[in-house]
$ cat entry05.cif   # mmCIF, C-alpha atoms
data_target
#
loop_
_atom_site.group_PDB
_atom_site.id
_atom_site.type_symbol
_atom_site.label_atom_id
_atom_site.label_comp_id
_atom_site.auth_asym_id
_atom_site.auth_seq_id
_atom_site.Cartn_x
_atom_site.Cartn_y
_atom_site.Cartn_z
ATOM 1 C CA MET A 1 -23.512 3.809 -2.722
ATOM 2 C CA ILE A 2 -25.088 6.756 -4.473
ATOM 3 C CA SER A 3 -22.072 6.913 -6.771
ATOM 4 C CA ASN A 4 -22.679 3.297 -7.788
ATOM 5 C CA ILE A 5 -26.302 4.026 -8.660
ATOM 6 C CA ILE A 6 -25.249 7.023 -10.758
ATOM 7 C CA GLY A 7 -22.348 5.014 -12.142
ATOM 8 C CA LYS A 8 -24.673 2.225 -13.262
ATOM 9 C CA ARG A 9 -26.441 4.698 -15.566
ATOM 10 C CA VAL A 10 -23.219 6.298 -16.763
ATOM 11 C CA LEU A 11 -21.597 2.935 -17.488
ATOM 12 C CA ASP A 12 -24.315 2.180 -20.019
ATOM 13 C CA GLN A 13 -22.747 4.923 -22.159
ATOM 14 C CA ILE A 14 -19.049 4.883 -21.174
ATOM 15 C CA ASP A 15 -16.474 2.082 -21.123
ATOM 16 C CA PRO A 16 -15.541 1.008 -17.557
ATOM 17 C CA ILE A 17 -11.846 1.660 -18.263
ATOM 18 C CA ALA A 18 -12.567 5.226 -19.397
ATOM 19 C CA ALA A 19 -14.777 5.770 -16.344
ATOM 20 C CA THR A 20 -11.964 4.518 -14.111
ATOM 21 C CA GLY A 21 -9.428 6.797 -15.773
ATOM 22 C CA VAL A 22 -11.590 9.892 -15.421
ATOM 23 C CA SER A 23 -12.575 9.149 -11.818
ATOM 24 C CA GLN A 24 -8.997 8.327 -10.754
ATOM 25 C CA LEU A 25 -7.592 11.425 -12.467
ATOM 26 C CA PHE A 26 -10.063 13.888 -10.979
ATOM 27 C CA GLY A 27 -10.192 12.164 -7.594
ATOM 28 C CA GLY A 28 -6.387 12.094 -7.401
ATOM 29 C CA LEU A 29 -6.085 15.757 -8.353
ATOM 30 C CA ILE A 30 -8.666 16.797 -5.766
ATOM 31 C CA LEU A 31 -6.926 14.796 -3.038
ATOM 32 C CA LEU A 32 -3.503 16.113 -4.077
ATOM 33 C CA LEU A 33 -4.687 19.720 -3.999
ATOM 34 C CA ALA A 34 -6.460 19.236 -0.669
ATOM 35 C CA GLY A 35 -3.311 17.692 0.816
ATOM 36 C CA LEU A 36 -1.060 20.472 -0.483
ATOM 37 C CA ILE A 37 -3.449 23.169 0.761
ATOM 38 C CA ALA A 38 -3.531 21.510 4.184
ATOM 39 C CA GLY A 39 0.266 21.657 4.356
ATOM 40 C CA GLY A 40 1.173 18.171 3.196
ATOM 41 C CA ARG A 41 4.252 17.505 1.086
ATOM 42 C CA LEU A 42 5.278 14.665 -1.171
ATOM 43 C CA HIS A 43 8.924 13.678 -0.678
ATOM 44 C CA PRO A 44 9.571 10.239 -2.166
ATOM 45 C CA SER A 45 12.964 8.882 -1.194
ATOM 46 C CA GLY A 46 14.313 6.805 -4.045
ATOM 47 C CA ALA A 47 13.203 4.247 -6.573
ATOM 48 C CA GLY A 48 11.613 1.994 -3.934
ATOM 49 C CA ALA A 49 9.241 4.739 -2.842
ATOM 50 C CA TRP A 50 8.264 5.476 -6.435
ATOM 51 C CA GLY A 51 7.814 1.743 -7.105
ATOM 52 C CA LEU A 52 5.544 1.361 -4.093
ATOM 53 C CA PHE A 53 3.588 4.439 -5.194
ATOM 54 C CA ALA A 54 3.179 2.945 -8.699
ATOM 55 C CA LEU A 55 2.092 -0.399 -7.211
ATOM 56 C CA VAL A 56 -0.591 1.250 -5.067
ATOM 57 C CA CYS A 57 -1.828 3.257 -8.071
ATOM 58 C CA ALA A 58 -1.925 0.162 -10.278
ATOM 59 C CA ALA A 59 -3.795 -1.861 -7.647
ATOM 60 C CA SER A 60 -6.366 0.888 -7.299
ATOM 61 C CA ILE A 61 -6.831 1.277 -11.040
ATOM 62 C CA VAL A 62 -7.175 -2.466 -11.677
ATOM 63 C CA SER A 63 -9.623 -2.954 -8.809
ATOM 64 C CA TYR A 64 -11.820 -0.044 -9.925
ATOM 65 C CA CYS A 65 -11.820 -1.288 -13.538
ATOM 66 C CA ARG A 66 -12.979 -4.685 -12.315
ATOM 67 C CA TRP A 67 -15.599 -3.118 -10.036
ATOM 68 C CA TYR A 68 -17.015 -0.887 -12.801
ATOM 69 C CA ARG A 69 -17.265 -3.897 -15.116
ATOM 70 C CA LEU A 70 -19.193 -5.749 -12.424
ATOM 71 C CA VAL A 71 -21.469 -2.741 -11.884
ATOM 72 C CA ARG A 72 -22.085 -2.496 -15.615
ATOM 73 C CA ARG A 73 -23.146 -6.135 -15.927
ATOM 74 C CA GLY A 74 -24.539 -7.032 -12.506
ATOM 75 C CA ARG A 75 -27.465 -6.196 -10.264
ATOM 76 C CA LEU A 76 -26.555 -3.473 -7.790
ATOM 77 C CA SER A 77 -28.602 -5.090 -5.032
ATOM 78 C CA GLY A 78 -26.364 -8.154 -5.216
ATOM 79 C CA LEU A 79 -23.165 -6.158 -5.558
ATOM 80 C CA PHE A 80 -23.856 -4.043 -2.471
ATOM 81 C CA ILE A 81 -23.381 -7.152 -0.351
ATOM 82 C CA ILE A 82 -19.756 -7.169 -1.534
ATOM 83 C CA LYS A 83 -19.398 -3.514 -0.503
ATOM 84 C CA PHE A 84 -20.845 -4.275 2.931
ATOM 85 C CA ALA A 85 -18.277 -7.051 3.400
ATOM 86 C CA GLU A 86 -15.248 -4.831 2.660
ATOM 87 C CA PRO A 87 -14.716 -3.799 6.323
ATOM 88 C CA LEU A 88 -14.764 -7.443 7.358
ATOM 89 C CA PHE A 89 -12.022 -8.296 4.889
ATOM 90 C CA ALA A 90 -10.038 -5.215 5.902
ATOM 91 C CA ALA A 91 -10.132 -6.292 9.550
ATOM 92 C CA LEU A 92 -9.279 -9.883 8.659
ATOM 93 C CA PHE A 93 -6.290 -8.926 6.505
ATOM 94 C CA GLY A 94 -5.198 -6.350 9.096
ATOM 95 C CA ALA A 95 -5.079 -9.156 11.655
ATOM 96 C CA LEU A 96 -3.404 -11.682 9.359
ATOM 97 C CA LEU A 97 -0.873 -9.446 7.615
ATOM 98 C CA LEU A 98 -0.200 -6.715 10.165
ATOM 99 C CA GLY A 99 -0.741 -8.590 13.408
ATOM 100 C CA GLU A 100 -3.488 -6.218 14.555
ATOM 101 C CA SER A 101 -5.734 -7.348 17.365
ATOM 102 C CA VAL A 102 -9.355 -7.828 16.372
ATOM 103 C CA TRP A 103 -10.441 -9.183 19.752
ATOM 104 C CA ARG A 104 -12.130 -6.032 21.053
ATOM 105 C CA LEU A 105 -15.768 -5.421 21.926
ATOM 106 C CA GLN A 106 -16.184 -2.655 19.321
ATOM 107 C CA TYR A 107 -14.962 -5.013 16.575
ATOM 108 C CA LEU A 108 -17.470 -7.661 17.628
ATOM 109 C CA ALA A 109 -20.238 -5.038 17.581
ATOM 110 C CA ALA A 110 -19.100 -3.829 14.147
ATOM 111 C CA PHE A 111 -19.006 -7.406 12.842
ATOM 112 C CA LEU A 112 -22.548 -8.048 14.064
ATOM 113 C CA LEU A 113 -23.834 -4.804 12.528
ATOM 114 C CA ILE A 114 -22.151 -5.546 9.192
ATOM 115 C CA ALA A 115 -23.389 -9.146 9.179
ATOM 116 C CA GLY A 116 -26.887 -7.890 10.010
ATOM 117 C CA GLY A 117 -26.673 -5.393 7.133
ATOM 118 C CA ILE A 118 -25.614 -8.142 4.736
ATOM 119 C CA CYS A 119 -28.473 -10.392 5.869
ATOM 120 C CA LEU A 120 -30.962 -7.526 5.611
ATOM 121 C CA ALA A 121 -29.713 -6.531 2.152
ATOM 122 C CA ASN A 122 -29.821 -10.153 1.014
ATOM 123 C CA ASN A 123 -33.395 -10.587 2.250
ATOM 124 C CA VAL A 124 -34.510 -7.316 0.653
ATOM 125 C CA SER A 125 -32.896 -8.221 -2.680
ATOM 126 C CA LEU A 126 -34.623 -11.611 -2.602
ATOM 127 C CA SER A 127 -38.053 -10.276 -1.600
ATOM 128 C CA GLY A 128 -40.587 -10.747 -4.322
ATOM 129 C CA LYS A 129 -38.525 -13.583 -5.798
ATOM 130 C CA GLU A 130 -38.693 -17.242 -5.014
ATOM 131 C CA ARG A 131 -35.916 -18.101 -2.603
ATOM 132 C CA ASN A 132 -33.822 -21.184 -3.167
ATOM 133 C CA THR A 133 -34.095 -23.341 -0.072
#
$ encode --input "entry05.cif" --output "structure tokens"
Amino acid sequence: MISNIIGKRVLDQIDPIAATGVSQLFGGLILLLAGLIAGGRLHPSGAGAWGLFALVCAASIVSYCRWYRLVRRGRLSGLFIIKFAEPLFAALFGALLLGESVWRLQYLAAFLLIAGGICLANNVSLSGKERNT
């Protein structure tokens, strides 16, 4: 969240696409170096592996471009609610697409904590303003 607050100020001076390119380049290099230092290796096996790698990269780049454009134009207090909801969507799509079980006590507790955080953030962002009822 701190990066979004800093990013909001930076995005007033830099295009969201340029910000995405710089962040993806440096973030990718840092992760690549950390993985290689830790003993990891990259051994793609054929065109399918490279295609999947390109698809994942493209999805990440497009989503961050869209996010930075939203950050540039929107109120961060409203956008943080979207960030709080990301784990909920991850669990939902994990259940729907991968057949993962979400019927565990820790998932219910996590859902309640996330929902509480969203409600709290929504109430805080609306405090001082007239609420639509």
$ atom_distance --input "entry05.cif" --atom1 "CA of Ile114 (chain A)" --atom2 "CA of Ser101 (chain A)"
18.4 Å
$ atom_distance --input "entry05.cif" --atom1 "CA of Leu76 (chain A)" --atom2 "CA of Lys8 (chain A)"
8.1 Å
$ resolve_selection --input "entry05.cif" --expression "the PyMOL selection byres ((chain A and resi 15-25) around 10)" --output "PyMOL selection string"
chain A and resi 7+10-14+26-30+57+60-72
$ closest_residue --input "entry05.cif" --among "A:Leu36, A:Ala47, A:Leu97, A:Ile81" --to "Leu120 (chain A)" --atoms "all atoms listed in the file"
A:Ile81
$ residues_around --input "entry05.cif" --residues "His43 (chain A)" --least-positions-apart "5" --cutoff "12 Å" --atoms "only C-alpha atoms" --output "VMD selection string"
chain A and resid 49 to 50 53
$ residues_around --input "entry05.cif" --residues "Val102 (chain A)" --least-positions-apart "5" --cutoff "9 Å" --atoms "all atoms listed in the file" --output "count of residues only"
6
$ closest_residue --input "entry05.cif" --among "A:Ile37, A:Cys119, A:Leu52, A:Leu31" --to "Gly78 (chain A)" --atoms "only C-alpha atoms"
A:Cys119
$ atom_distance --input "entry05.cif" --atom1 "CA of Phe80 (chain A)" --atom2 "CA of Asn123 (chain A)"
12.5 Å
$ residues_around --input "entry05.cif" --residues "Ser77 (chain A)" --least-positions-apart "2" --cutoff "8 Å" --atoms "only C-alpha atoms" --output "VMD selection string"
chain A and resid 75 79 to 81 121 to 122 125
